[in-house]
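Visitor: Enclosed is the structure file coords_8.pdb (PDB, C-alpha atoms, pLDDT in the B column).
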ATOM      1  CA  MET A   1     -20.130 -49.600  51.209  1.00 37.00           C
ATOM      2  CA  TYR A   2     -23.396 -49.854  53.151  1.00 33.00           C
ATOM      3  CA  ILE A   3     -26.603 -49.782  51.079  1.00 34.00           C
ATOM      4  CA  SER A   4     -29.964 -49.796  52.802  1.00 37.00           C
ATOM      5  CA  SER A   5     -32.160 -52.829  52.255  1.00 35.00           C
ATOM      6  CA  GLY A   6     -34.583 -50.764  50.203  1.00 36.00           C
ATOM      7  CA  LEU A   7     -31.861 -50.051  47.645  1.00 36.00           C
ATOM      8  CA  GLN A   8     -30.264 -53.498  47.405  1.00 36.00           C
ATOM      9  CA  GLY A   9     -30.125 -54.908  43.907  1.00 38.00           C
ATOM     10  CA  LEU A  10     -30.396 -51.522  42.201  1.00 38.00           C
ATOM     11  CA  THR A  11     -27.888 -50.282  39.650  1.00 37.00           C
ATOM     12  CA  GLY A  12     -25.607 -47.339  40.417  1.00 38.00           C
ATOM     13  CA  ARG A  13     -27.773 -45.023  38.337  1.00 37.00           C
ATOM     14  CA  GLN A  14     -30.937 -46.235  40.074  1.00 38.00           C
ATOM     15  CA  VAL A  15     -29.380 -45.597  43.474  1.00 35.00           C
ATOM     16  CA  ALA A  16     -28.428 -42.093  42.380  1.00 39.00           C
ATOM     17  CA  ALA A  17     -31.951 -41.574  41.080  1.00 40.00           C
ATOM     18  CA  SER A  18     -33.476 -42.586  44.399  1.00 39.00           C
ATOM     19  CA  HIS A  19     -31.662 -39.633  46.017  1.00 39.00           C
ATOM     20  CA  HIS A  20     -32.322 -37.172  43.199  1.00 43.00           C
ATOM     21  CA  PRO A  21     -35.874 -35.779  42.869  1.00 41.00           C
ATOM     22  CA  VAL A  22     -35.789 -35.307  39.102  1.00 41.00           C
ATOM     23  CA  LEU A  23     -34.199 -38.646  38.286  1.00 40.00           C
ATOM     24  CA  LYS A  24     -36.499 -40.392  40.761  1.00 38.00           C
ATOM     25  CA  ALA A  25     -39.511 -38.934  38.996  1.00 36.00           C
ATOM     26  CA  GLU A  26     -38.037 -40.030  35.699  1.00 36.00           C
ATOM     27  CA  GLN A  27     -37.575 -43.579  36.973  1.00 36.00           C
ATOM     28  CA  GLY A  28     -41.219 -44.011  37.870  1.00 37.00           C
ATOM     29  CA  SER A  29     -42.714 -42.261  34.861  1.00 33.00           C
ATOM     30  CA  ASN A  30     -43.563 -43.185  31.340  1.00 33.00           C
ATOM     31  CA  LEU A  31     -42.088 -40.864  28.664  1.00 29.00           C
ATOM     32  CA  SER A  32     -45.569 -39.933  27.514  1.00 31.00           C
ATOM     33  CA  THR A  33     -46.495 -38.554  30.953  1.00 29.00           C
ATOM     34  CA  MET A  34     -43.318 -36.605  31.763  1.00 31.00           C
ATOM     35  CA  ASN A  35     -42.995 -32.823  31.881  1.00 37.00           C
ATOM     36  CA  THR A  36     -43.482 -31.164  28.499  1.00 37.00           C
ATOM     37  CA  ASP A  37     -39.896 -29.901  28.612  1.00 43.00           C
ATOM     38  CA  THR A  38     -38.662 -33.534  28.450  1.00 39.00           C
ATOM     39  CA  ASN A  39     -36.966 -34.558  25.244  1.00 42.00           C
ATOM     40  CA  SER A  40     -38.929 -37.626  24.161  1.00 41.00           C
ATOM     41  CA  GLY A  41     -36.972 -37.677  20.939  1.00 42.00           C
ATOM     42  CA  GLU A  42     -33.452 -37.610  22.369  1.00 42.00           C
ATOM     43  CA  THR A  43     -30.771 -38.033  19.760  1.00 46.00           C
ATOM     44  CA  SER A  44     -28.556 -41.080  19.872  1.00 47.00           C
ATOM     45  CA  SER A  45     -25.649 -38.863  20.897  1.00 47.00           C
ATOM     46  CA  SER A  46     -27.664 -37.629  23.896  1.00 46.00           C
ATOM     47  CA  LYS A  47     -28.394 -41.209  24.938  1.00 50.00           C
ATOM     48  CA  ALA A  48     -24.767 -42.130  24.487  1.00 47.00           C
ATOM     49  CA  ALA A  49     -23.716 -39.221  26.697  1.00 46.00           C
ATOM     50  CA  GLU A  50     -26.186 -40.293  29.385  1.00 47.00           C
ATOM     51  CA  ASP A  51     -25.143 -43.940  29.186  1.00 43.00           C
ATOM     52  CA  SER A  52     -21.493 -42.937  29.561  1.00 44.00           C
ATOM     53  CA  GLY A  53     -22.303 -40.989  32.715  1.00 53.00           C
ATOM     54  CA  TRP A  54     -21.296 -37.634  31.186  1.00 67.00           C
ATOM     55  CA  ARG A  55     -23.663 -34.883  32.314  1.00 78.00           C
ATOM     56  CA  GLY A  56     -21.528 -31.885  31.482  1.00 86.00           C
ATOM     57  CA  SER A  57     -20.704 -29.515  34.339  1.00 93.00           C
ATOM     58  CA  ALA A  58     -22.108 -26.346  35.842  1.00 95.00           C
ATOM     59  CA  ASP A  59     -19.638 -24.347  33.743  1.00 96.00           C
ATOM     60  CA  VAL A  60     -20.658 -26.163  30.555  1.00 96.00           C
ATOM     61  CA  TRP A  61     -24.345 -25.433  31.108  1.00 97.00           C
ATOM     62  CA  LEU A  62     -23.585 -21.843  32.104  1.00 98.00           C
ATOM     63  CA  GLN A  63     -21.430 -21.233  29.018  1.00 97.00           C
ATOM     64  CA  ALA A  64     -24.164 -22.615  26.761  1.00 98.00           C
ATOM     65  CA  SER A  65     -26.666 -20.325  28.504  1.00 98.00           C
ATOM     66  CA  TYR A  66     -24.380 -17.326  28.021  1.00 98.00           C
ATOM     67  CA  GLU A  67     -23.953 -18.059  24.316  1.00 98.00           C
ATOM     68  CA  THR A  68     -27.696 -18.516  23.849  1.00 98.00           C
ATOM     69  CA  LEU A  69     -28.448 -15.273  25.707  1.00 98.00           C
ATOM     70  CA  ILE A  70     -26.027 -13.353  23.489  1.00 98.00           C
ATOM     71  CA  GLU A  71     -27.302 -14.933  20.286  1.00 97.00           C
ATOM     72  CA  ALA A  72     -31.054 -14.877  20.791  1.00 97.00           C
ATOM     73  CA  GLY A  73     -32.102 -13.279  24.086  1.00 97.00           C
ATOM     74  CA  ILE A  74     -33.335 -14.461  27.452  1.00 98.00           C
ATOM     75  CA  ASP A  75     -36.525 -16.154  26.210  1.00 97.00           C
ATOM     76  CA  THR A  76     -34.420 -18.782  24.435  1.00 97.00           C
ATOM     77  CA  VAL A  77     -32.392 -19.706  27.523  1.00 98.00           C
ATOM     78  CA  ARG A  78     -34.381 -22.808  28.451  1.00 98.00           C
ATOM     79  CA  ILE A  79     -33.423 -26.229  29.694  1.00 97.00           C
ATOM     80  CA  GLN A  80     -34.584 -28.381  26.801  1.00 97.00           C
ATOM     81  CA  PRO A  81     -32.957 -26.321  23.989  1.00 97.00           C
ATOM     82  CA  LEU A  82     -29.743 -26.119  26.035  1.00 97.00           C
ATOM     83  CA  ALA A  83     -29.723 -29.889  26.498  1.00 96.00           C
ATOM     84  CA  LYS A  84     -30.170 -30.341  22.761  1.00 96.00           C
ATOM     85  CA  LYS A  85     -27.370 -27.884  22.037  1.00 96.00           C
ATOM     86  CA  LEU A  86     -25.031 -29.718  24.402  1.00 96.00           C
ATOM     87  CA  LYS A  87     -26.191 -33.179  23.256  1.00 94.00           C
ATOM     88  CA  LEU A  88     -26.983 -34.047  26.857  1.00 94.00           C
ATOM     89  CA  SER A  89     -30.125 -35.365  28.507  1.00 93.00           C
ATOM     90  CA  ARG A  90     -32.419 -32.806  30.062  1.00 93.00           C
ATOM     91  CA  THR A  91     -32.137 -34.499  33.438  1.00 94.00           C
ATOM     92  CA  SER A  92     -28.379 -33.860  33.427  1.00 95.00           C
ATOM     93  CA  PHE A  93     -29.143 -30.194  34.026  1.00 96.00           C
ATOM     94  CA  TYR A  94     -30.557 -30.923  37.474  1.00 96.00           C
ATOM     95  CA  TRP A  95     -27.290 -32.326  38.743  1.00 95.00           C
ATOM     96  CA  PHE A  96     -25.945 -28.760  38.696  1.00 96.00           C
ATOM     97  CA  PHE A  97     -28.916 -26.388  39.000  1.00 97.00           C
ATOM     98  CA  LYS A  98     -32.141 -26.644  40.963  1.00 97.00           C
ATOM     99  CA  ASP A  99     -34.175 -25.059  38.180  1.00 97.00           C
ATOM    100  CA  ARG A 100     -34.057 -22.483  35.374  1.00 97.00           C
ATOM    101  CA  ASN A 101     -34.193 -19.582  37.847  1.00 97.00           C
ATOM    102  CA  GLU A 102     -31.021 -20.768  39.542  1.00 98.00           C
ATOM    103  CA  LEU A 103     -29.307 -20.885  36.149  1.00 98.00           C
ATOM    104  CA  LEU A 104     -30.473 -17.366  35.314  1.00 98.00           C
ATOM    105  CA  ASN A 105     -29.216 -16.110  38.671  1.00 98.00           C
ATOM    106  CA  ALA A 106     -25.828 -17.682  37.897  1.00 98.00           C
ATOM    107  CA  LEU A 107     -25.784 -15.798  34.589  1.00 98.00           C
ATOM    108  CA  LEU A 108     -26.464 -12.517  36.371  1.00 98.00           C
ATOM    109  CA  THR A 109     -23.736 -13.243  38.908  1.00 98.00           C
ATOM    110  CA  GLN A 110     -21.287 -13.854  36.065  1.00 98.00           C
ATOM    111  CA  TRP A 111     -22.292 -10.572  34.405  1.00 98.00           C
ATOM    112  CA  ARG A 112     -22.034  -8.628  37.659  1.00 98.00           C
ATOM    113  CA  ASP A 113     -18.665 -10.101  38.661  1.00 98.00           C
ATOM    114  CA  LYS A 114     -17.122  -9.476  35.261  1.00 98.00           C
ATOM    115  CA  ASN A 115     -18.504  -6.160  34.062  1.00 98.00           C
ATOM    116  CA  THR A 116     -19.120  -4.300  37.303  1.00 98.00           C
ATOM    117  CA  GLY A 117     -16.284  -5.953  39.191  1.00 98.00           C
ATOM    118  CA  ASN A 118     -13.655  -5.175  36.556  1.00 98.00           C
ATOM    119  CA  LEU A 119     -14.855  -1.640  35.878  1.00 98.00           C
ATOM    120  CA  VAL A 120     -14.707  -0.783  39.577  1.00 98.00           C
ATOM    121  CA  ALA A 121     -11.265  -2.410  39.873  1.00 98.00           C
ATOM    122  CA  GLN A 122      -9.943  -0.430  36.905  1.00 98.00           C
ATOM    123  CA  ALA A 123     -11.274   2.828  38.340  1.00 98.00           C
ATOM    124  CA  GLU A 124      -9.483   2.064  41.610  1.00 98.00           C
ATOM    125  CA  ALA A 125      -6.214   0.966  39.983  1.00 98.00           C
ATOM    126  CA  TYR A 126      -2.995   2.907  40.614  1.00 97.00           C
ATOM    127  CA  ALA A 127      -2.382   5.861  38.283  1.00 97.00           C
ATOM    128  CA  GLU A 128       0.044   8.783  38.298  1.00 95.00           C
ATOM    129  CA  SER A 129      -2.607  11.209  37.059  1.00 97.00           C
ATOM    130  CA  ILE A 130      -6.308  11.451  36.340  1.00 98.00           C
ATOM    131  CA  ALA A 131      -5.491  11.006  32.647  1.00 98.00           C
ATOM    132  CA  GLU A 132      -3.805   7.692  33.323  1.00 97.00           C
ATOM    133  CA  ALA A 133      -6.692   6.688  35.613  1.00 98.00           C
ATOM    134  CA  ILE A 134      -9.113   7.280  32.724  1.00 98.00           C
ATOM    135  CA  LEU A 135      -6.905   5.194  30.447  1.00 98.00           C
ATOM    136  CA  ASN A 136      -7.108   2.377  32.996  1.00 98.00           C
ATOM    137  CA  VAL A 137     -10.893   2.553  32.739  1.00 98.00           C
ATOM    138  CA  PHE A 138     -10.688   2.690  28.931  1.00 97.00           C
ATOM    139  CA  ASP A 139      -8.992  -0.728  29.084  1.00 97.00           C
ATOM    140  CA  CYS A 140     -12.489  -2.062  29.821  1.00 97.00           C
ATOM    141  CA  TRP A 141     -13.854  -0.719  26.549  1.00 94.00           C
ATOM    142  CA  LEU A 142     -11.088  -2.300  24.489  1.00 94.00           C
ATOM    143  CA  ASN A 143     -10.508  -5.593  26.292  1.00 95.00           C
ATOM    144  CA  PRO A 144     -13.483  -8.026  26.301  1.00 94.00           C
ATOM    145  CA  GLU A 145     -11.753 -10.030  29.018  1.00 96.00           C
ATOM    146  CA  LEU A 146     -12.352  -7.063  31.326  1.00 97.00           C
ATOM    147  CA  PHE A 147     -15.753  -5.915  30.113  1.00 98.00           C
ATOM    148  CA  ASP A 148     -18.091  -7.897  27.843  1.00 98.00           C
ATOM    149  CA  SER A 149     -20.142  -5.380  25.848  1.00 96.00           C
ATOM    150  CA  GLN A 150     -22.292  -8.070  24.223  1.00 97.00           C
ATOM    151  CA  PHE A 151     -23.135  -9.484  27.629  1.00 98.00           C
ATOM    152  CA  GLU A 152     -23.953  -5.980  28.849  1.00 98.00           C
ATOM    153  CA  PHE A 153     -26.321  -5.356  25.929  1.00 98.00           C
ATOM    154  CA  ALA A 154     -28.039  -8.721  26.417  1.00 98.00           C
ATOM    155  CA  VAL A 155     -28.603  -8.182  30.155  1.00 98.00           C
ATOM    156  CA  ARG A 156     -29.917  -4.653  29.574  1.00 98.00           C
ATOM    157  CA  SER A 157     -32.320  -6.046  26.979  1.00 97.00           C
ATOM    158  CA  TRP A 158     -33.374  -8.724  29.468  1.00 98.00           C
ATOM    159  CA  ALA A 159     -34.088  -5.995  32.022  1.00 98.00           C
ATOM    160  CA  LEU A 160     -36.775  -4.540  29.738  1.00 97.00           C
ATOM    161  CA  GLN A 161     -39.003  -7.516  30.590  1.00 96.00           C
ATOM    162  CA  SER A 162     -37.869  -8.223  34.152  1.00 97.00           C
ATOM    163  CA  PRO A 163     -38.233  -5.723  37.033  1.00 98.00           C
ATOM    164  CA  ASP A 164     -35.828  -7.811  39.133  1.00 98.00           C
ATOM    165  CA  VAL A 165     -33.114  -7.636  36.464  1.00 98.00           C
ATOM    166  CA  ALA A 166     -33.833  -3.931  35.958  1.00 98.00           C
ATOM    167  CA  GLU A 167     -33.160  -3.420  39.663  1.00 98.00           C
ATOM    168  CA  GLN A 168     -29.845  -5.248  39.353  1.00 98.00           C
ATOM    169  CA  ILE A 169     -28.947  -3.036  36.378  1.00 98.00           C
ATOM    170  CA  SER A 170     -29.727   0.033  38.482  1.00 98.00           C
ATOM    171  CA  GLN A 171     -27.517  -1.220  41.318  1.00 98.00           C
ATOM    172  CA  ALA A 172     -24.693  -1.935  38.867  1.00 98.00           C
ATOM    173  CA  ASP A 173     -24.988   1.519  37.307  1.00 98.00           C
ATOM    174  CA  ASN A 174     -24.822   3.155  40.718  1.00 98.00           C
ATOM    175  CA  ALA A 175     -21.769   1.113  41.770  1.00 98.00           C
ATOM    176  CA  ARG A 176     -19.916   1.895  38.548  1.00 98.00           C
ATOM    177  CA  LEU A 177     -20.752   5.600  38.666  1.00 98.00           C
ATOM    178  CA  GLU A 178     -19.658   5.829  42.293  1.00 98.00           C
ATOM    179  CA  ALA A 179     -16.315   4.190  41.463  1.00 98.00           C
ATOM    180  CA  LEU A 180     -15.747   6.701  38.646  1.00 98.00           C
ATOM    181  CA  ARG A 181     -16.831   9.616  40.848  1.00 98.00           C
ATOM    182  CA  GLN A 182     -14.423   8.551  43.596  1.00 98.00           C
ATOM    183  CA  MET A 183     -11.671   8.262  41.004  1.00 98.00           C
ATOM    184  CA  PHE A 184     -12.054  11.952  40.140  1.00 98.00           C
ATOM    185  CA  ILE A 185     -12.302  12.959  43.803  1.00 98.00           C
ATOM    186  CA  ARG A 186      -9.071  11.061  44.452  1.00 98.00           C
ATOM    187  CA  PHE A 187      -7.326  13.418  42.025  1.00 98.00           C
ATOM    188  CA  GLY A 188      -8.698  16.591  43.586  1.00 98.00           C
ATOM    189  CA  TYR A 189     -11.960  17.262  41.738  1.00 98.00           C
ATOM    190  CA  GLU A 190     -14.792  18.644  43.835  1.00 98.00           C
ATOM    191  CA  ALA A 191     -17.719  16.280  44.364  1.00 98.00           C
ATOM    192  CA  ALA A 192     -20.238  17.932  42.026  1.00 98.00           C
ATOM    193  CA  LYS A 193     -17.800  18.167  39.121  1.00 98.00           C
ATOM    194  CA  ALA A 194     -16.545  14.649  39.796  1.00 98.00           C
ATOM    195  CA  ASP A 195     -20.122  13.382  39.525  1.00 98.00           C
ATOM    196  CA  VAL A 196     -20.749  15.105  36.180  1.00 98.00           C
ATOM    197  CA  ARG A 197     -17.455  13.902  34.708  1.00 98.00           C
ATOM    198  CA  ALA A 198     -18.137  10.354  35.907  1.00 98.00           C
ATOM    199  CA  ARG A 199     -21.548  10.420  34.260  1.00 98.00           C
ATOM    200  CA  SER A 200     -20.075  11.807  31.047  1.00 97.00           C
ATOM    201  CA  ILE A 201     -17.655   8.895  30.772  1.00 98.00           C
ATOM    202  CA  TYR A 202     -20.114   6.205  31.769  1.00 98.00           C
ATOM    203  CA  LEU A 203     -23.132   7.335  29.783  1.00 97.00           C
ATOM    204  CA  THR A 204     -20.985   7.800  26.683  1.00 95.00           C
ATOM    205  CA  GLN A 205     -19.865   4.188  26.891  1.00 95.00           C
ATOM    206  CA  ILE A 206     -23.355   2.865  27.609  1.00 96.00           C
ATOM    207  CA  GLY A 207     -24.425   4.799  24.511  1.00 95.00           C
ATOM    208  CA  TYR A 208     -21.795   2.965  22.488  1.00 93.00           C
ATOM    209  CA  ILE A 209     -23.154  -0.340  23.791  1.00 95.00           C
ATOM    210  CA  SER A 210     -26.831   0.516  23.336  1.00 93.00           C
ATOM    211  CA  MET A 211     -26.230   1.665  19.761  1.00 92.00           C
ATOM    212  CA  LYS A 212     -24.124  -1.435  19.066  1.00 88.00           C
ATOM    213  CA  SER A 213     -21.484   0.875  17.631  1.00 83.00           C
ATOM    214  CA  ASP A 214     -19.223  -0.915  15.167  1.00 81.00           C
ATOM    215  CA  GLU A 215     -16.428   1.651  15.424  1.00 84.00           C
ATOM    216  CA  ASP A 216     -13.216  -0.185  14.618  1.00 86.00           C
ATOM    217  CA  ILE A 217     -10.380  -0.415  17.129  1.00 85.00           C
ATOM    218  CA  ALA A 218      -7.981   1.734  15.121  1.00 88.00           C
ATOM    219  CA  THR A 219     -10.467   4.605  14.927  1.00 90.00           C
ATOM    220  CA  ARG A 220     -11.260   4.353  18.608  1.00 89.00           C
ATOM    221  CA  LEU A 221      -7.610   4.382  19.591  1.00 92.00           C
ATOM    222  CA  GLN A 222      -7.077   7.527  17.528  1.00 93.00           C
ATOM    223  CA  ARG A 223      -9.789   9.266  19.549  1.00 94.00           C
ATOM    224  CA  VAL A 224      -8.577   8.167  22.976  1.00 96.00           C
ATOM    225  CA  SER A 225      -6.350  11.185  23.651  1.00 96.00           C
ATOM    226  CA  ASP A 226      -9.143  13.648  22.821  1.00 97.00           C
ATOM    227  CA  TYR A 227     -11.647  11.735  24.913  1.00 97.00           C
ATOM    228  CA  VAL A 228      -9.310  11.839  27.904  1.00 97.00           C
ATOM    229  CA  GLU A 229      -8.814  15.583  27.547  1.00 97.00           C
ATOM    230  CA  ILE A 230     -12.559  16.223  27.212  1.00 97.00           C
ATOM    231  CA  PHE A 231     -13.442  14.031  30.188  1.00 97.00           C
ATOM    232  CA  THR A 232     -10.699  15.310  32.505  1.00 96.00           C
ATOM    233  CA  GLY A 233      -9.715  18.756  31.245  1.00 95.00           C
ATOM    234  CA  GLN A 234      -6.143  17.459  30.982  1.00 94.00           C
ATOM    235  CA  ALA A 235      -4.266  16.064  28.008  1.00 95.00           C
ATOM    236  CA  PRO A 236      -2.624  12.692  28.665  1.00 97.00           C
ATOM    237  CA  LYS A 237       1.164  12.628  28.726  1.00 96.00           C
ATOM    238  CA  SER A 238       3.031  10.916  25.910  1.00 96.00           C
ATOM    239  CA  ARG A 239       4.346   8.168  28.199  1.00 96.00           C
ATOM    240  CA  GLU A 240       0.822   7.477  29.492  1.00 97.00           C
ATOM    241  CA  LEU A 241      -0.505   7.067  25.958  1.00 96.00           C
ATOM    242  CA  LYS A 242       2.414   4.847  24.988  1.00 95.00           C
ATOM    243  CA  ARG A 243       1.708   2.506  27.892  1.00 95.00           C
ATOM    244  CA  PHE A 244      -1.973   2.422  26.960  1.00 96.00           C
ATOM    245  CA  TYR A 245      -1.357   1.767  23.257  1.00 95.00           C
ATOM    246  CA  ALA A 246       1.142  -0.956  24.124  1.00 94.00           C
ATOM    247  CA  ARG A 247      -1.593  -2.810  26.019  1.00 93.00           C
ATOM    248  CA  HIS A 248      -3.881  -2.768  22.998  1.00 91.00           C
ATOM    249  CA  GLU A 249      -1.555  -3.178  20.010  1.00 76.00           C
ATOM    250  CA  PRO A 250      -2.529  -6.861  19.507  1.00 56.00           C
ATOM    251  CA  ALA A 251      -6.207  -5.888  19.336  1.00 45.00           C
ATOM    252  CA  GLU A 252      -5.377  -3.182  16.792  1.00 43.00           C
ATOM    253  CA  LYS A 253      -3.678  -5.709  14.494  1.00 42.00           C
ATOM    254  CA  VAL A 254      -6.591  -8.174  14.480  1.00 35.00           C
TER     255      VAL A 254
END
Now that the file is in, can you turn its structure into structure tokens?
Guide:
Amino acid sequence: MYISSGLQGLTGRQVAASHHPVLKAEQGSNLSTMNTDTNSGETSSSKAAEDSGWRGSADVWLQASYETLIEAGIDTVRIQPLAKKLKLSRTSFYWFFKDRNELLNALLTQWRDKNTGNLVAQAEAYAESIAEAILNVFDCWLNPELFDSQFEFAVRSWALQSPDVAEQISQADNARLEALRQMFIRFGYEAAKADVRARSIYLTQIGYISMKSDEDIATRLQRVSDYVEIFTGQAPKSRELKRFYARHEPAEKV
């Protein structure tokens, strides 16, 4: 492989550093003069990880950021603590993200794709009746793989200190409400009533999340039929409820 004369004699890591702004800075700096976010007291396991060439992956850093956000809020999602948590060098982060802002944007994309994307998809899913359509949406409230309530709470808390995140919350709310409104219109409800019913469903669930309701699954399942009737004006059919309960029986037994 061709290596320019200016790079001859360098190790593989030094060559990589010469093309990487953060590692290049690291190469020509003394530990005492590096950025304050640098871990001058790296653990031996961190050094071992660096020496082995393991830097994690974008998904590894993103998962650690998600967990930290859920556990302690957005102020704690910072490069150095994440590196310590993962037992990786701080500079490893920059192989996958330009800076902290890029990481935070990736977190918001993950939240938007999962919570808004799945809620809209469930509202648009095939159903024989409006009652069954509502039950499709209720899958989101009972299946964390479809809708992550902890993630939702954490992002809404983050929005209290970030106008940009607050704007993204507003856009998500509007998209979700519109999907629910169109769901009612699809089953013959006039626009104004569809809007009110959509808001009733959505704001009730956001209330559950904001209050961090600890209502157990069994209790919630018992209330499903009444919720459907209140939200739609129609009682769900027995076969519709059976299909819904069958999807959530494992969660009920946990």
Visitor: Hey, what comes out of the PyMOL selection byres ((chain A and resi 108) around 10) on this file? Could you write it as a list in words?
Guide: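 Checking the PyMOL selection byres ((chain A and resi 108) around 10) against this file, the residues are Tyr66, Glu102, Leu103, Leu104, Asn105, Ala106, Leu107, Thr109, Gln110, Trp111, Arg112, Asp113, Lys114, Phe151, Val155, Val165, Gln168 and Ile169 of chain A.
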Visitor: Spell out the residues picked by the PyMOL selection byres ((chain A and resi 117) around 12) here, as a JSON list (two decimals) with C-alpha atoms, in the frame of the given file.
Guide:
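Everything below was put into out.json:
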[["chain", "number", "residue", "atom", "x", "y", "z"],
["A", 109, "THR", "CA", -23.74, -13.24, 38.91],
["A", 110, "GLN", "CA", -21.29, -13.85, 36.06],
["A", 111, "TRP", "CA", -22.29, -10.57, 34.40],
["A", 112, "ARG", "CA", -22.03, -8.63, 37.66],
["A", 113, "ASP", "CA", -18.66, -10.10, 38.66],
["A", 114, "LYS", "CA", -17.12, -9.48, 35.26],
["A", 115, "ASN", "CA", -18.50, -6.16, 34.06],
["A", 116, "THR", "CA", -19.12, -4.30, 37.30],
["A", 118, "ASN", "CA", -13.66, -5.18, 36.56],
["A", 119, "LEU", "CA", -14.86, -1.64, 35.88],
["A", 120, "VAL", "CA", -14.71, -0.78, 39.58],
["A", 121, "ALA", "CA", -11.26, -2.41, 39.87],
["A", 122, "GLN", "CA", -9.94, -0.43, 36.90],
["A", 123, "ALA", "CA", -11.27, 2.83, 38.34],
["A", 124, "GLU", "CA", -9.48, 2.06, 41.61],
["A", 137, "VAL", "CA", -10.89, 2.55, 32.74],
["A", 140, "CYS", "CA", -12.49, -2.06, 29.82],
["A", 145, "GLU", "CA", -11.75, -10.03, 29.02],
["A", 146, "LEU", "CA", -12.35, -7.06, 31.33],
["A", 147, "PHE", "CA", -15.75, -5.92, 30.11],
["A", 148, "ASP", "CA", -18.09, -7.90, 27.84],
["A", 172, "ALA", "CA", -24.69, -1.94, 38.87],
["A", 173, "ASP", "CA", -24.99, 1.52, 37.31],
["A", 175, "ALA", "CA", -21.77, 1.11, 41.77],
["A", 176, "ARG", "CA", -19.92, 1.90, 38.55],
["A", 179, "ALA", "CA", -16.32, 4.19, 41.46]]
Visitor: For Phe138 in chain A, which of A:Val224, A:Ala166, A:Ile70, A:Ile79 is the closest residue, counting only C-alpha atoms?
Guide: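 Among A:Val224, A:Ala166, A:Ile70, A:Ile79, it is A:Val224 that comes nearest to Phe138 in chain A.
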Visitor: Could you state which residues are captured by the PyMOL selection byres ((chain A and resi 217-220) around 12) in this file, as a ChimeraX atom specification?
Guide: /A:138-139,141-143,205,208,213-216,221-227,245,248-254
Visitor: Report, in Å with one decimal, the straight-line distance from CA of Ser92 in chain A to CA of Glu67 in chain A.
Guide: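 Distance between the two atoms: 18.8 Å.
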Visitor: I'd like the contact shell of range 235-243 of chain A - 10 Å cut-off, all atoms listed in the file, skipping same-chain residues fewer than 2 positions apart - returned as a PyMOL selection string.
Guide: chain A and resi 127-135+221+224-233+245-248
Visitor: Could you check how far CA of Ile201 in chain A sits from CA of Glu71 in chain A, in Å to one decimal?
Guide: 27.8 Å
